[in-house]
Amino acid sequence: MKMKSLEEIDLNLIWHPCSQMKDYETLPPIVVDHGQGVWLCDIYGKKYLDVVSSWWCNLLGHCNPEINAAIKNQLDEVEHVIFANFTHKPIIELAEQLIKIVPNRIKKFHFNDNGSAAIECALKMCFQYFLQIGKPKKKYFMCLTDGYHGETIGALSVGALDLYTELYRPLMIKTFPIESPDCYRCPFQKNRENCQCECITCAEKIFEEHADETAAIILEPLLQGSAGMKIYPPLYLKKIRELCDKYDVLMIADEIATGFGRTGKMFACDHAEISPDVMCISKGLTGGYMPMSATCVSQKIYDAFYDDYSSGKAFMHSHTYAGNPLGAAAALAVQKILREKNIIQTAQENSIWLTEELNSTLGNHKNVGEIRHLNLIHAIELVEDKKNKKPFDSKKRFGYQIYKNALKKGLILRPLGDVLYFNPPLIINRDELKFAIDVTTSSINEILD
Ligand SMILES: *Cc1c(COP(=O)(O)O)cnc(C)c1O
């Protein structure tokens, strides 16, 4: 009898995330054997450049020796411990490191185990905050269209990407969506370099109408990742901060994808020199090693929950793996590397080079509508017609075909629709970036010609 391959056993038993499983009939899962730096190697010895940081979380390379060592050391101390009434050295040290780098309103860290949970926490905290300060009418949320904040029902409710949300609409909480900045197809005919964020008028209108029933606005600062790496200017954040202060609305910054140097500064909010009231972090926090997140809040919010037990004001929210010591050890190693190795600076220099290279290679391509970038994050939006920015028919799945083509050549692109993007580990070097550019270019040309 023929032995079953690992791929066959996998497909027999496993339901993969964010996938139409039928697609796996023609593209079976790639069985990863090991990783090293920006490379993943499958069981047949084939190498792949992980230019998407394994879903945007790997910050400093796979099997980074320092992070590996930190986790191994912690493993021999304690692997996990209940986080109510108990604590441990790595998480205390981590909080001490984080407080040095977060925006200035942030004073307390509520640890959880994944990004969506951090968002749920943020929403519940803001809702409960207004209840407990005697403003129970302020109970809904504003969000940006095209936003993405995770997959649980609360997080989905404040997300506004139909691909993920539309089906579940009947289950969701009420929100006031604000038309998000769209700098490639700006309705005001401006561009990122010369605009004054005229589109803030959309937000102003919603604030005027609904601020008295709104607890918080949630947004992804500078980068709407899942929307297709849509990038908008820091000025927009400044203006949102002003609206929040004017109308007594809390500002939740979802820095899950943008935190820890991805945008060229420690946090995306730093570009606008503003501080949110609540900041959610995850992905890069542990370098993409361990599931960990934090909902980081201002003193004002924390204080509204602080009282005698009998007041019933405590935040009764927990996840079993909250504050996991192995995650904390990984996160501490990440912070140490970021402090000592000039990682963010080097990535920034490489990103300038990358912008030039990509523009000279693909800038004039007939189907490249825009190449937009934020530090190493570079997105290539493919369109049918460059002049009127007309997208391709999504049923043709050009992005997916280019993805499959690039995989054969050893590059993991995994585009968002017809937006191809690089969001590599910050330690990627120019040779590796050049490889990514070359494979992307040939993969596009072979599919679109
Ligand atoms: C990934 C992501 C989330 C959700 O985090 P999970 O750990 O996948 O639940 C939320 N917001 C943003 C901006 C993200 O990129």
# chains A, B, ... in the order shown; residues from 1 in each chain; ligands from 1
call {"tool": "residues_near_ligand", "arguments": {"ligand": "ligand 1", "cutoff": "9 Å", "atoms": "only C-alpha atoms and all ligand atoms", "output": "VMD selection string"}}
result
chain A and resid 55 to 57 113 to 119 147 to 152 155 159 219 to 221 223 to 226 254 to 258 280 to 283 291 to 293
call {"tool": "select_by_dssp", "arguments": {"residues": "range 18-182 of chain A", "states": "helix (DSSP H, G or I)", "output": "VMD selection string"}}
result
chain A and resid 21 to 25 53 to 56 65 to 75 89 to 101 115 to 132 153 to 157 162 to 171
call {"tool": "write_last_selection", "arguments": {"atoms": "C-alpha atoms", "output": "PDB file, in the first residue's frame"}}
result
ATOM      1  CA  MET A  21     -10.003  24.445   1.049  1.00  0.00           C
ATOM      2  CA  LYS A  22     -10.924  23.349  -2.489  1.00  0.00           C
ATOM      3  CA  ASP A  23      -8.053  25.539  -3.755  1.00  0.00           C
ATOM      4  CA  TYR A  24      -5.704  23.097  -2.025  1.00  0.00           C
ATOM      5  CA  GLU A  25      -6.588  20.453  -4.633  1.00  0.00           C
ATOM      6  CA  SER A  53       6.816  38.001   7.481  1.00  0.00           C
ATOM      7  CA  SER A  54       4.507  35.000   7.974  1.00  0.00           C
ATOM      8  CA  TRP A  55       1.383  37.158   8.213  1.00  0.00           C
ATOM      9  CA  TRP A  56       3.254  40.342   9.158  1.00  0.00           C
ATOM     10  CA  PRO A  65      19.428  32.799  17.793  1.00  0.00           C
ATOM     11  CA  GLU A  66      18.883  35.387  20.535  1.00  0.00           C
ATOM     12  CA  ILE A  67      15.111  34.947  20.680  1.00  0.00           C
ATOM     13  CA  ASN A  68      15.534  31.170  20.565  1.00  0.00           C
ATOM     14  CA  ALA A  69      17.925  31.305  23.498  1.00  0.00           C
ATOM     15  CA  ALA A  70      15.627  33.571  25.516  1.00  0.00           C
ATOM     16  CA  ILE A  71      12.695  31.176  25.137  1.00  0.00           C
ATOM     17  CA  LYS A  72      14.828  28.124  25.913  1.00  0.00           C
ATOM     18  CA  ASN A  73      16.139  29.755  29.096  1.00  0.00           C
ATOM     19  CA  GLN A  74      12.656  30.721  30.215  1.00  0.00           C
ATOM     20  CA  LEU A  75      11.385  27.218  29.479  1.00  0.00           C
ATOM     21  CA  LYS A  89       9.910  38.338  36.168  1.00  0.00           C
ATOM     22  CA  PRO A  90       9.793  38.362  32.341  1.00  0.00           C
ATOM     23  CA  ILE A  91       6.426  40.103  32.169  1.00  0.00           C
ATOM     24  CA  ILE A  92       7.444  42.700  34.762  1.00  0.00           C
ATOM     25  CA  GLU A  93      10.654  43.415  32.880  1.00  0.00           C
ATOM     26  CA  LEU A  94       8.705  43.594  29.634  1.00  0.00           C
ATOM     27  CA  ALA A  95       6.268  46.151  31.042  1.00  0.00           C
ATOM     28  CA  GLU A  96       9.261  48.199  32.210  1.00  0.00           C
ATOM     29  CA  GLN A  97      10.688  48.147  28.684  1.00  0.00           C
ATOM     30  CA  LEU A  98       7.379  48.911  26.971  1.00  0.00           C
ATOM     31  CA  ILE A  99       6.598  51.926  29.152  1.00  0.00           C
ATOM     32  CA  LYS A 100       9.801  53.541  27.840  1.00  0.00           C
ATOM     33  CA  ILE A 101       8.729  53.325  24.203  1.00  0.00           C
ATOM     34  CA  GLY A 115      -4.578  40.505  18.407  1.00  0.00           C
ATOM     35  CA  SER A 116      -8.341  40.061  18.199  1.00  0.00           C
ATOM     36  CA  ALA A 117      -8.492  39.554  21.972  1.00  0.00           C
ATOM     37  CA  ALA A 118      -6.591  42.817  22.476  1.00  0.00           C
ATOM     38  CA  ILE A 119      -9.213  44.564  20.334  1.00  0.00           C
ATOM     39  CA  GLU A 120     -12.133  42.966  22.208  1.00  0.00           C
ATOM     40  CA  CYS A 121     -10.550  44.171  25.424  1.00  0.00           C
ATOM     41  CA  ALA A 122     -10.135  47.688  24.083  1.00  0.00           C
ATOM     42  CA  LEU A 123     -13.793  47.876  23.042  1.00  0.00           C
ATOM     43  CA  LYS A 124     -15.093  46.505  26.327  1.00  0.00           C
ATOM     44  CA  MET A 125     -12.824  48.808  28.342  1.00  0.00           C
ATOM     45  CA  CYS A 126     -13.959  51.933  26.486  1.00  0.00           C
ATOM     46  CA  PHE A 127     -17.617  50.955  26.807  1.00  0.00           C
ATOM     47  CA  GLN A 128     -17.230  50.234  30.517  1.00  0.00           C
ATOM     48  CA  TYR A 129     -15.187  53.404  31.056  1.00  0.00           C
ATOM     49  CA  PHE A 130     -18.047  55.666  30.021  1.00  0.00           C
ATOM     50  CA  LEU A 131     -20.553  53.584  31.963  1.00  0.00           C
ATOM     51  CA  GLN A 132     -18.470  53.980  35.109  1.00  0.00           C
ATOM     52  CA  ILE A 153     -17.426  39.216  16.558  1.00  0.00           C
ATOM     53  CA  GLY A 154     -16.546  42.465  18.342  1.00  0.00           C
ATOM     54  CA  ALA A 155     -13.390  42.973  16.299  1.00  0.00           C
ATOM     55  CA  LEU A 156     -15.290  42.142  13.103  1.00  0.00           C
ATOM     56  CA  SER A 157     -17.980  44.670  13.985  1.00  0.00           C
ATOM     57  CA  ASP A 162     -16.951  43.097   3.304  1.00  0.00           C
ATOM     58  CA  LEU A 163     -14.827  40.060   2.442  1.00  0.00           C
ATOM     59  CA  TYR A 164     -14.622  39.186   6.131  1.00  0.00           C
ATOM     60  CA  THR A 165     -17.638  40.912   7.681  1.00  0.00           C
ATOM     61  CA  GLU A 166     -20.668  40.981   5.386  1.00  0.00           C
ATOM     62  CA  LEU A 167     -21.846  37.458   6.124  1.00  0.00           C
ATOM     63  CA  TYR A 168     -21.860  37.989   9.880  1.00  0.00           C
ATOM     64  CA  ARG A 169     -23.604  41.376   9.867  1.00  0.00           C
ATOM     65  CA  PRO A 170     -26.647  40.075  11.800  1.00  0.00           C
ATOM     66  CA  LEU A 171     -24.399  39.171  14.745  1.00  0.00           C
TER      67      LEU A 171
END
call {"tool": "closest_residue", "arguments": {"among": "A:Pro136, A:Gly259, A:Gly264, A:Pro181", "to": "Ile343 in chain A", "atoms": "only C-alpha atoms"}}
result
A:Gly264
call {"tool": "select_by_dssp", "arguments": {"residues": "range 39-139 of chain A", "states": "strand (DSSP E or B)", "output": "ChimeraX atom specification"}}
result
/A:39-42,47-50,62,106-112
call {"tool": "write_last_selection", "arguments": {"atoms": "N, CA, C and O atoms", "output": "mmCIF file, in the first residue's frame"}}
result
data_model
loop_
_atom_site.group_PDB
_atom_site.id
_atom_site.type_symbol
_atom_site.label_atom_id
_atom_site.label_comp_id
_atom_site.auth_asym_id
_atom_site.auth_seq_id
_atom_site.Cartn_x
_atom_site.Cartn_y
_atom_site.Cartn_z
ATOM 1 N N TRP A 39 14.218 33.231 5.333
ATOM 2 C CA TRP A 39 13.932 32.065 4.486
ATOM 3 C C TRP A 39 13.195 30.963 5.237
ATOM 4 O O TRP A 39 13.457 30.712 6.411
ATOM 5 N N LEU A 40 12.294 30.305 4.503
ATOM 6 C CA LEU A 40 11.670 29.080 4.988
ATOM 7 C C LEU A 40 12.068 27.963 4.043
ATOM 8 O O LEU A 40 12.211 28.185 2.831
ATOM 9 N N CYS A 41 12.263 26.773 4.569
ATOM 10 C CA CYS A 41 12.684 25.652 3.735
ATOM 11 C C CYS A 41 11.677 24.519 3.893
ATOM 12 O O CYS A 41 11.310 24.175 5.020
ATOM 13 N N ASP A 42 11.198 23.951 2.781
ATOM 14 C CA ASP A 42 10.206 22.879 2.894
ATOM 15 C C ASP A 42 10.896 21.519 3.017
ATOM 16 O O ASP A 42 12.125 21.422 2.969
ATOM 17 N N LYS A 47 13.701 26.337 -0.944
ATOM 18 C CA LYS A 47 13.707 27.536 -0.101
ATOM 19 C C LYS A 47 12.701 28.575 -0.598
ATOM 20 O O LYS A 47 12.495 28.730 -1.800
ATOM 21 N N TYR A 48 12.096 29.276 0.346
ATOM 22 C CA TYR A 48 11.150 30.347 0.019
ATOM 23 C C TYR A 48 11.519 31.600 0.806
ATOM 24 O O TYR A 48 11.763 31.526 2.014
ATOM 25 N N LEU A 49 11.511 32.737 0.127
ATOM 26 C CA LEU A 49 11.731 34.012 0.825
ATOM 27 C C LEU A 49 10.393 34.482 1.425
ATOM 28 O O LEU A 49 9.413 34.691 0.708
ATOM 29 N N ASP A 50 10.389 34.655 2.731
ATOM 30 C CA ASP A 50 9.156 35.020 3.451
ATOM 31 C C ASP A 50 9.015 36.548 3.469
ATOM 32 O O ASP A 50 9.231 37.200 4.482
ATOM 33 N N HIS A 62 13.351 34.222 11.088
ATOM 34 C CA HIS A 62 12.994 32.930 11.678
ATOM 35 C C HIS A 62 14.215 32.359 12.401
ATOM 36 O O HIS A 62 15.355 32.556 11.974
ATOM 37 N N ILE A 106 -0.050 56.455 27.408
ATOM 38 C CA ILE A 106 -0.165 55.042 27.803
ATOM 39 C C ILE A 106 0.587 54.782 29.106
ATOM 40 O O ILE A 106 1.779 55.073 29.212
ATOM 41 N N LYS A 107 -0.128 54.227 30.097
ATOM 42 C CA LYS A 107 0.479 53.979 31.415
ATOM 43 C C LYS A 107 0.304 52.556 31.926
ATOM 44 O O LYS A 107 0.982 52.154 32.870
ATOM 45 N N LYS A 108 -0.652 51.789 31.385
ATOM 46 C CA LYS A 108 -0.923 50.443 31.916
ATOM 47 C C LYS A 108 -1.041 49.427 30.777
ATOM 48 O O LYS A 108 -1.544 49.766 29.696
ATOM 49 N N PHE A 109 -0.611 48.201 31.058
ATOM 50 C CA PHE A 109 -0.626 47.144 30.038
ATOM 51 C C PHE A 109 -1.506 45.984 30.490
ATOM 52 O O PHE A 109 -1.277 45.406 31.552
ATOM 53 N N HIS A 110 -2.502 45.665 29.680
ATOM 54 C CA HIS A 110 -3.359 44.509 29.945
ATOM 55 C C HIS A 110 -2.985 43.438 28.925
ATOM 56 O O HIS A 110 -3.273 43.570 27.740
ATOM 57 N N PHE A 111 -2.320 42.377 29.394
ATOM 58 C CA PHE A 111 -1.786 41.381 28.453
ATOM 59 C C PHE A 111 -2.819 40.330 28.089
ATOM 60 O O PHE A 111 -3.598 39.889 28.931
ATOM 61 N N ASN A 112 -2.803 39.928 26.812
ATOM 62 C CA ASN A 112 -3.655 38.855 26.315
ATOM 63 C C ASN A 112 -2.840 37.961 25.395
ATOM 64 O O ASN A 112 -1.620 38.041 25.386
#
call {"tool": "residues_around", "arguments": {"residues": "range 420-428 of chain A", "least_positions_apart": "3", "cutoff": "8 Å", "atoms": "only C-alpha atoms", "output": "PyMOL selection string"}}
result
chain A and resi 37-38+50-53+56+58-61+229+261-262+343-344+347+376-382+399+413-417+432-433
call {"tool": "decode", "arguments": {"residues": "range 406-417 of chain A", "atoms": "all heavy atoms", "output": "compact mmCIF listing (two decimals), in the first residue's frame"}}
result
# COMPACT_ATOMS: atom_id res chain seq x y z
N ALA A 406 4.88 32.93 -8.32
CA ALA A 406 6.04 33.34 -7.51
C ALA A 406 6.46 32.23 -6.54
O ALA A 406 7.65 32.05 -6.27
CB ALA A 406 5.72 34.63 -6.75
N LEU A 407 5.47 31.50 -6.04
CA LEU A 407 5.79 30.39 -5.12
C LEU A 407 6.72 29.39 -5.79
O LEU A 407 7.68 28.91 -5.18
CB LEU A 407 4.51 29.67 -4.72
CG LEU A 407 3.84 30.03 -3.40
CD1 LEU A 407 2.66 29.10 -3.15
CD2 LEU A 407 4.81 30.01 -2.22
N LYS A 408 6.43 29.08 -7.06
CA LYS A 408 7.28 28.13 -7.80
C LYS A 408 8.72 28.62 -7.83
O LYS A 408 9.66 27.84 -7.85
CB LYS A 408 6.78 27.98 -9.25
CG LYS A 408 5.55 27.12 -9.37
CD LYS A 408 5.29 26.81 -10.85
CE LYS A 408 3.79 26.80 -11.15
NZ LYS A 408 3.45 27.49 -12.40
N LYS A 409 8.86 29.94 -7.86
CA LYS A 409 10.21 30.52 -7.95
C LYS A 409 10.80 30.82 -6.58
O LYS A 409 11.86 31.44 -6.48
CB LYS A 409 10.16 31.81 -8.76
CG LYS A 409 9.58 31.70 -10.16
CD LYS A 409 9.33 33.11 -10.70
CE LYS A 409 8.42 33.12 -11.91
NZ LYS A 409 9.16 33.12 -13.18
N GLY A 410 10.09 30.44 -5.51
CA GLY A 410 10.67 30.58 -4.18
C GLY A 410 10.41 31.91 -3.49
O GLY A 410 11.23 32.37 -2.69
N LEU A 411 9.25 32.52 -3.78
CA LEU A 411 8.91 33.77 -3.09
C LEU A 411 7.47 33.66 -2.56
O LEU A 411 6.56 33.29 -3.31
CB LEU A 411 9.02 34.96 -4.04
CG LEU A 411 8.64 36.32 -3.44
CD1 LEU A 411 9.70 36.80 -2.45
CD2 LEU A 411 8.44 37.37 -4.54
N ILE A 412 7.30 34.00 -1.29
CA ILE A 412 5.96 33.99 -0.70
C ILE A 412 5.38 35.40 -0.75
O ILE A 412 5.78 36.27 0.02
CB ILE A 412 5.99 33.50 0.76
CG1 ILE A 412 6.70 32.14 0.85
CG2 ILE A 412 4.57 33.41 1.32
CD1 ILE A 412 6.91 31.65 2.28
N LEU A 413 4.44 35.63 -1.70
CA LEU A 413 3.87 36.97 -1.86
C LEU A 413 2.52 37.11 -1.16
O LEU A 413 2.20 38.13 -0.60
CB LEU A 413 3.67 37.28 -3.35
CG LEU A 413 4.82 37.91 -4.11
CD1 LEU A 413 4.43 38.07 -5.58
CD2 LEU A 413 5.22 39.28 -3.55
N ARG A 414 1.71 36.10 -1.27
CA ARG A 414 0.31 36.08 -0.75
C ARG A 414 -0.37 37.45 -0.78
O ARG A 414 -0.53 38.13 0.23
CB ARG A 414 0.26 35.51 0.66
CG ARG A 414 -1.11 34.84 0.89
CD ARG A 414 -1.16 33.97 2.13
NE ARG A 414 -2.33 33.09 2.11
CZ ARG A 414 -3.58 33.47 2.35
NH1 ARG A 414 -3.86 34.72 2.61
NH2 ARG A 414 -4.57 32.61 2.31
N PRO A 415 -0.77 37.87 -1.99
CA PRO A 415 -1.34 39.22 -2.17
C PRO A 415 -2.73 39.37 -1.56
O PRO A 415 -3.38 38.40 -1.20
CB PRO A 415 -1.43 39.36 -3.69
CG PRO A 415 -1.32 38.00 -4.24
CD PRO A 415 -0.69 37.11 -3.23
N LEU A 416 -3.14 40.64 -1.42
CA LEU A 416 -4.49 40.98 -0.99
C LEU A 416 -5.24 41.35 -2.26
O LEU A 416 -5.07 42.44 -2.79
CB LEU A 416 -4.44 42.14 -0.01
CG LEU A 416 -3.67 41.87 1.29
CD1 LEU A 416 -3.02 43.12 1.84
CD2 LEU A 416 -4.57 41.22 2.33
N GLY A 417 -6.02 40.42 -2.79
CA GLY A 417 -6.67 40.66 -4.08
C GLY A 417 -5.60 40.89 -5.13
O GLY A 417 -4.71 40.05 -5.31
